[in-house]
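J.: Here you go, structure_25.cif (mmCIF, C-alpha atoms):
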```cif
data_upload
loop_
_atom_site.label_atom_id
_atom_site.label_comp_id
_atom_site.auth_asym_id
_atom_site.auth_seq_id
_atom_site.Cartn_x
_atom_site.Cartn_y
_atom_site.Cartn_z
CA MET A 19 -20.08 7.28 -3.69
CA THR A 20 -16.51 5.99 -4.08
CA THR A 21 -15.81 2.60 -2.52
CA THR A 22 -12.24 1.91 -1.41
CA LEU A 23 -10.49 -1.16 -0.06
CA ILE A 24 -7.26 -0.78 1.92
CA SER A 25 -5.13 -3.80 2.76
CA GLY A 26 -3.33 -3.87 6.10
CA ALA A 27 -5.62 -1.13 7.38
CA ASN A 28 -6.13 -1.97 11.04
CA LYS A 29 -3.26 0.30 12.15
CA GLY A 30 -0.63 2.80 11.05
CA LEU A 31 -0.74 4.27 7.56
CA GLY A 32 -3.62 2.06 6.48
CA TYR A 33 -5.80 3.11 9.40
CA GLU A 34 -5.07 6.80 8.95
CA THR A 35 -5.71 6.54 5.21
CA ALA A 36 -9.07 4.95 5.98
CA ARG A 37 -9.94 7.71 8.44
CA ARG A 38 -9.10 10.44 5.96
CA LEU A 39 -10.92 8.84 3.04
CA ILE A 40 -14.05 8.31 5.12
CA GLU A 41 -13.82 11.98 6.02
CA ALA A 42 -13.58 12.72 2.27
CA GLY A 43 -16.77 10.78 1.62
CA HIS A 44 -15.49 7.35 0.60
CA THR A 45 -17.08 4.10 1.67
CA VAL A 46 -14.07 2.24 3.06
CA TRP A 47 -13.32 -1.44 3.54
CA ILE A 48 -10.72 -2.19 6.20
CA GLY A 49 -8.76 -5.24 5.06
CA ALA A 50 -6.81 -7.02 7.81
CA ARG A 51 -5.52 -10.51 8.58
CA ASP A 52 -6.63 -10.46 12.20
CA THR A 53 -10.42 -10.45 12.43
CA ALA A 54 -10.66 -8.99 15.93
CA ARG A 55 -8.26 -6.14 15.26
CA GLY A 56 -9.70 -5.43 11.85
CA GLN A 57 -13.28 -5.36 13.07
CA ALA A 58 -12.32 -3.11 15.99
CA ALA A 59 -10.62 -0.68 13.61
CA ALA A 60 -13.61 -0.67 11.27
CA ASP A 61 -16.03 -0.10 14.15
CA ALA A 62 -13.94 2.80 15.47
CA LEU A 63 -13.87 4.50 12.07
CA GLY A 64 -17.32 3.70 10.77
CA ALA A 65 -15.89 1.53 8.00
CA HIS A 66 -16.66 -1.97 6.73
CA PHE A 67 -14.38 -4.87 7.64
CA VAL A 68 -13.27 -7.76 5.45
CA GLN A 69 -10.80 -10.43 6.53
CA LEU A 70 -7.86 -10.20 4.14
CA ASP A 71 -4.55 -12.04 4.11
CA VAL A 72 -2.69 -10.93 0.99
CA THR A 73 -0.59 -14.12 1.04
CA SER A 74 -3.67 -16.38 0.76
CA ASP A 75 -5.64 -16.99 -2.44
CA ALA A 76 -8.60 -18.28 -0.42
CA SER A 77 -8.69 -15.20 1.79
CA VAL A 78 -8.43 -12.82 -1.15
CA ASP A 79 -11.09 -14.66 -3.15
CA ALA A 80 -13.47 -14.54 -0.19
CA ALA A 81 -12.82 -10.81 0.19
CA VAL A 82 -13.61 -10.23 -3.48
CA ALA A 83 -16.91 -12.05 -3.07
CA THR A 84 -17.80 -9.96 0.00
CA VAL A 85 -16.97 -6.63 -1.63
CA LYS A 86 -18.73 -7.61 -4.86
CA ALA A 87 -21.90 -8.55 -3.01
CA ALA A 88 -21.88 -5.17 -1.29
CA GLY A 89 -21.80 -3.27 -4.57
CA GLY A 90 -18.31 -3.25 -6.08
CA LEU A 91 -15.03 -1.37 -5.83
CA ASP A 92 -13.55 1.85 -7.22
CA VAL A 93 -10.20 2.18 -5.44
CA LEU A 94 -7.75 -0.51 -4.34
CA ILE A 95 -4.98 0.60 -1.99
CA ASN A 96 -2.24 -1.99 -1.68
CA ASN A 97 -0.86 -0.98 1.70
CA ALA A 98 -0.07 -4.28 3.46
CA GLY A 99 3.65 -4.82 3.97
CA ILE A 100 6.28 -6.28 6.27
CA THR A 101 9.92 -5.47 6.97
CA GLY A 102 10.90 -9.12 7.37
CA PRO A 103 13.52 -10.69 9.65
CA GLN A 104 16.10 -8.34 11.10
CA LYS A 105 19.33 -10.06 10.06
CA ASP A 106 22.78 -9.22 8.79
CA ALA A 107 22.90 -9.37 5.00
CA ALA A 108 25.20 -12.41 5.15
CA ASP A 109 22.58 -14.31 7.13
CA ILE A 110 19.62 -13.63 4.83
CA ALA A 111 18.32 -16.86 3.30
CA GLY A 112 15.93 -17.71 0.51
CA ASP A 113 13.03 -18.32 2.88
CA ASP A 114 13.49 -14.82 4.30
CA ALA A 115 13.26 -13.35 0.81
CA ALA A 116 10.20 -15.45 -0.02
CA LEU A 117 8.47 -14.18 3.12
CA VAL A 118 9.07 -10.48 2.39
CA PHE A 119 8.43 -10.62 -1.34
CA GLY A 120 5.42 -12.89 -0.77
CA THR A 121 3.69 -10.13 1.18
CA ASN A 122 5.08 -6.92 -0.30
CA VAL A 123 5.17 -7.87 -3.98
CA VAL A 124 3.26 -11.08 -4.66
CA GLY A 125 0.50 -9.80 -2.39
CA ILE A 126 -0.01 -6.81 -4.70
CA VAL A 127 -0.15 -9.06 -7.74
CA ARG A 128 -2.65 -11.34 -5.99
CA LEU A 129 -4.96 -8.48 -4.98
CA THR A 130 -4.70 -6.69 -8.31
CA HIS A 131 -5.52 -9.86 -10.24
CA ALA A 132 -8.43 -10.77 -7.98
CA PHE A 133 -10.06 -7.33 -7.80
CA LEU A 134 -9.51 -6.36 -11.43
CA PRO A 135 -12.99 -7.47 -12.57
CA LEU A 136 -14.58 -5.22 -9.94
CA LEU A 137 -12.30 -2.30 -10.72
CA THR A 138 -12.94 -2.44 -14.46
CA ALA A 139 -16.67 -2.04 -13.77
CA SER A 140 -15.98 1.28 -12.01
CA ALA A 141 -16.30 4.67 -13.72
CA ALA A 142 -12.97 5.77 -12.22
CA PRO A 143 -10.93 2.66 -11.34
CA THR A 144 -7.86 3.41 -9.27
CA ILE A 145 -5.00 1.39 -7.80
CA VAL A 146 -2.60 2.95 -5.29
CA ASN A 147 0.50 0.96 -4.40
CA VAL A 148 2.24 2.03 -1.20
CA THR A 149 5.95 1.84 -1.94
CA SER A 150 8.91 3.64 -0.33
CA GLY A 151 11.78 5.97 -1.07
CA LEU A 152 13.91 3.11 0.25
CA GLY A 153 13.21 1.42 -3.09
CA SER A 154 14.48 4.41 -5.07
CA PHE A 155 17.99 4.19 -6.52
CA ALA A 156 18.22 7.97 -6.51
CA SER A 157 17.22 8.30 -2.86
CA VAL A 158 19.43 5.57 -1.44
CA HIS A 159 22.47 7.06 -3.21
CA ASP A 160 21.76 10.60 -2.02
CA PRO A 161 23.79 11.31 1.14
CA ASP A 162 21.42 14.12 2.05
CA ARG A 163 18.47 11.73 2.36
CA ILE A 164 17.81 9.42 5.29
CA GLU A 165 17.19 6.54 2.86
CA SER A 166 20.94 6.42 2.15
CA THR A 167 21.62 5.42 5.77
CA VAL A 168 19.36 2.35 5.81
CA ILE A 169 20.59 -1.17 5.05
CA ALA A 170 17.63 -3.54 4.66
CA PRO A 171 18.22 -5.62 1.52
CA LEU A 172 14.90 -7.44 1.36
CA TYR A 173 12.55 -4.62 2.28
CA THR A 174 14.24 -2.09 0.01
CA ALA A 175 14.40 -4.51 -2.91
CA SER A 176 10.74 -5.40 -2.46
CA LYS A 177 9.79 -1.74 -2.62
CA SER A 178 11.81 -1.28 -5.81
CA ALA A 179 9.77 -4.13 -7.23
CA VAL A 180 6.52 -2.45 -6.11
CA THR A 181 7.46 0.74 -7.93
CA MET A 182 8.28 -1.12 -11.14
CA LEU A 183 5.10 -3.19 -10.85
CA THR A 184 3.21 0.08 -10.71
CA VAL A 185 4.78 1.35 -13.92
CA GLN A 186 4.16 -1.93 -15.73
CA TYR A 187 0.55 -2.21 -14.59
CA ALA A 188 -0.02 1.40 -15.66
CA LYS A 189 1.19 0.54 -19.16
CA ALA A 190 -0.71 -2.74 -19.33
CA LEU A 191 -4.00 -1.46 -17.88
CA PRO A 192 -4.67 1.83 -19.70
CA GLY A 193 -8.21 2.15 -18.35
CA ILE A 194 -7.07 2.18 -14.73
CA ALA A 195 -5.07 4.86 -12.88
CA VAL A 196 -2.23 2.89 -11.29
CA ASN A 197 0.17 4.95 -9.20
CA ALA A 198 2.70 4.57 -6.38
CA ALA A 199 2.93 6.57 -3.16
CA ASP A 200 6.00 7.02 -0.97
CA PRO A 201 4.78 7.89 2.55
CA GLY A 202 8.21 9.11 3.63
CA TYR A 203 9.87 8.45 6.97
CA THR A 204 6.74 8.14 9.08
CA ALA A 205 6.41 7.00 12.69
CA THR A 206 4.82 3.53 12.48
CA ASP A 207 5.31 0.06 13.93
CA LEU A 208 7.53 -0.82 10.96
CA ASN A 209 10.29 1.49 12.21
CA GLY A 210 9.59 1.41 15.94
CA ASN A 211 7.81 4.77 15.61
CA SER A 212 11.13 6.47 14.90
CA GLY A 213 9.97 8.36 11.81
CA HIS A 214 9.91 12.16 11.92
CA GLN A 215 6.54 12.42 10.13
CA THR A 216 3.12 11.85 11.65
CA VAL A 217 0.84 9.24 10.13
CA THR A 218 -1.28 12.06 8.75
CA GLU A 219 1.72 13.50 6.92
CA GLY A 220 2.67 10.00 5.81
CA THR A 221 -0.71 9.45 4.18
CA ASP A 222 -0.74 12.69 2.17
CA ALA A 223 0.50 11.05 -1.04
CA ILE A 224 -1.76 8.01 -0.64
CA VAL A 225 -4.87 10.13 -0.13
CA GLU A 226 -3.90 12.37 -3.04
CA LEU A 227 -3.70 9.41 -5.42
CA ALA A 228 -6.88 7.81 -4.08
CA THR A 229 -8.98 10.93 -4.58
CA ARG A 230 -7.91 12.14 -8.03
CA GLY A 231 -10.95 10.61 -9.74
CA ALA A 232 -11.62 9.99 -13.42
CA GLY A 233 -8.98 11.00 -15.94
CA ALA A 234 -6.14 10.92 -13.42
CA PRO A 235 -2.57 10.34 -14.61
CA SER A 236 -1.21 6.80 -14.38
CA GLY A 237 2.27 5.39 -13.82
CA THR A 238 3.40 8.14 -11.48
CA PHE A 239 5.41 7.91 -8.26
CA ILE A 240 4.80 10.67 -5.72
CA ASP A 241 5.51 11.64 -2.14
CA ARG A 242 3.85 14.38 -0.11
CA ASP A 243 5.99 17.02 -1.85
CA GLY A 244 5.18 15.94 -5.40
CA VAL A 245 6.87 13.71 -7.97
CA ALA A 246 9.39 11.38 -6.32
CA ALA A 247 12.68 10.09 -7.71
CA PHE A 248 12.78 6.55 -9.05
#
```
Show me, as structure tokens, the structure contained in the file I just sent.
T.:
Amino acid sequence: MTTTLISGANKGLGYETARRLIEAGHTVWIGARDTARGQAAADALGAHFVQLDVTSDASVDAAVATVKAAGGLDVLINNAGITGPQKDAADIAGDDAALVFGTNVVGIVRLTHAFLPLLTASAAPTIVNVTSGLGSFASVHDPDRIESTVIAPLYTASKSAVTMLTVQYAKALPGIAVNAADPGYTATDLNGNSGHQTVTEGTDAIVELATRGAGAPSGTFIDRDGVAAF
């Protein structure tokens, strides 16, 4: 049985990923900051719940202890993310950047570091980082792609960092499949449900990477159509 932890999984892409992986036979941990919402999501899906704030060492350490006591971990899906304050670029301050990068980038480092001992004990350790085409230089310069119409300096830069973190972790951790998934423009709370894809379509790449199993490639960046542009 494959055991999977998904951060930020009480709604949106995280919730749908959990639903699909449970359907595929995974034992799933719903990680969420809000205990009531997280527990409700886990109860609805038949998953386990663990309180998880990716910006807090204490919260993450407690989550590691809970998951370890229950038997370990095979797949870590770093899904938690925020868009940050909606401001004109000229008004963005250092604290705004610290907030966005603290969740979207530092949060991944914190979870990866903390759960690494559990993952290395797995027969098929896997890390999936949920990034975005908005962090792709190729996509944001392509006038035929919707990413080229979006101006969101902090969010886009944080997702570029997530993609590069993925590549670097893949090189540094050869025994673990570390890959990045671009959900695409999916209707979620992050974009006011304006995306043209459903959450099921948006989780195709995440589920693909989470279910590849032993011997899977590492250091790749995919969307639901295949290899994505960096």
J.: Name the residues in contact with stretch 198-203 of chain A at a cut-off of 9 Å, using all atoms listed in the file, excluding same-chain residues fewer than 5 positions from it; report them as an NGL selection string.
T.: :A and (31 or 145-152 or 164-165 or 180-181 or 184-185 or 209 or 212-217 or 219-224 or 226-227 or 237-242 or 246)
J.: Go through the shown structure with the PyMOL selection byres ((chain A and resi 65-71) around 10) and write out the matching residues as a PyMOL selection string.
T.: chain A and resi 23-28+36-37+40+44-64+72-82+84-85+98+121+125+129
J.: Select, from A:Gly112, A:Gly153, A:Pro192, A:Pro135, the residue with the minimum atom-to-atom distance to A:Lys177, counting only C-alpha atoms.
T.: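 With only C-alpha atoms as the atom set, the closest residue is A:Gly153.
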J.: Grab the atom CA of A:Ala107 to atom CA of A:Leu183 distance for me, in Å with one decimal place.
T.: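 Atom CA of A:Ala107 sits 24.6 Å away from atom CA of A:Leu183.
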J.: In Å, how far is it from atom CA of A:Ser178 to atom CA of A:Thr218?
T.: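 A separation of 23.7 Å between them.
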J.: Record the distance separating atom CA of A:Ala156 and atom CA of A:Ser176, expressed in Å with one decimal.
T.: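 So the two atoms, atom CA of A:Ala156 and atom CA of A:Ser176, lie 15.8 Å apart.
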J.: Apply the PyMOL selection byres ((chain A and resi 231) around 10) to the file shown and report the selected residues as a ChimeraX atom specification.
T.: /A:20,92-93,141-144,195,226-230,232-235
J.: Select, from A:Ala42, A:Ala170, A:Leu134, A:Ala247, the residue with the minimum atom-to-atom distance to A:Ser157, counting only C-alpha atoms.
T.: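 Ranking A:Ala42, A:Ala170, A:Leu134, A:Ala247 by distance to A:Ser157, first place goes to A:Ala247.
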J.: The PyMOL selection byres ((chain A and resi 103) around 12) on the file shown: which residues, as an MDAnalysis selection string?
T.: chainID A and resid 100:102 104:107 109:118 170:173 208
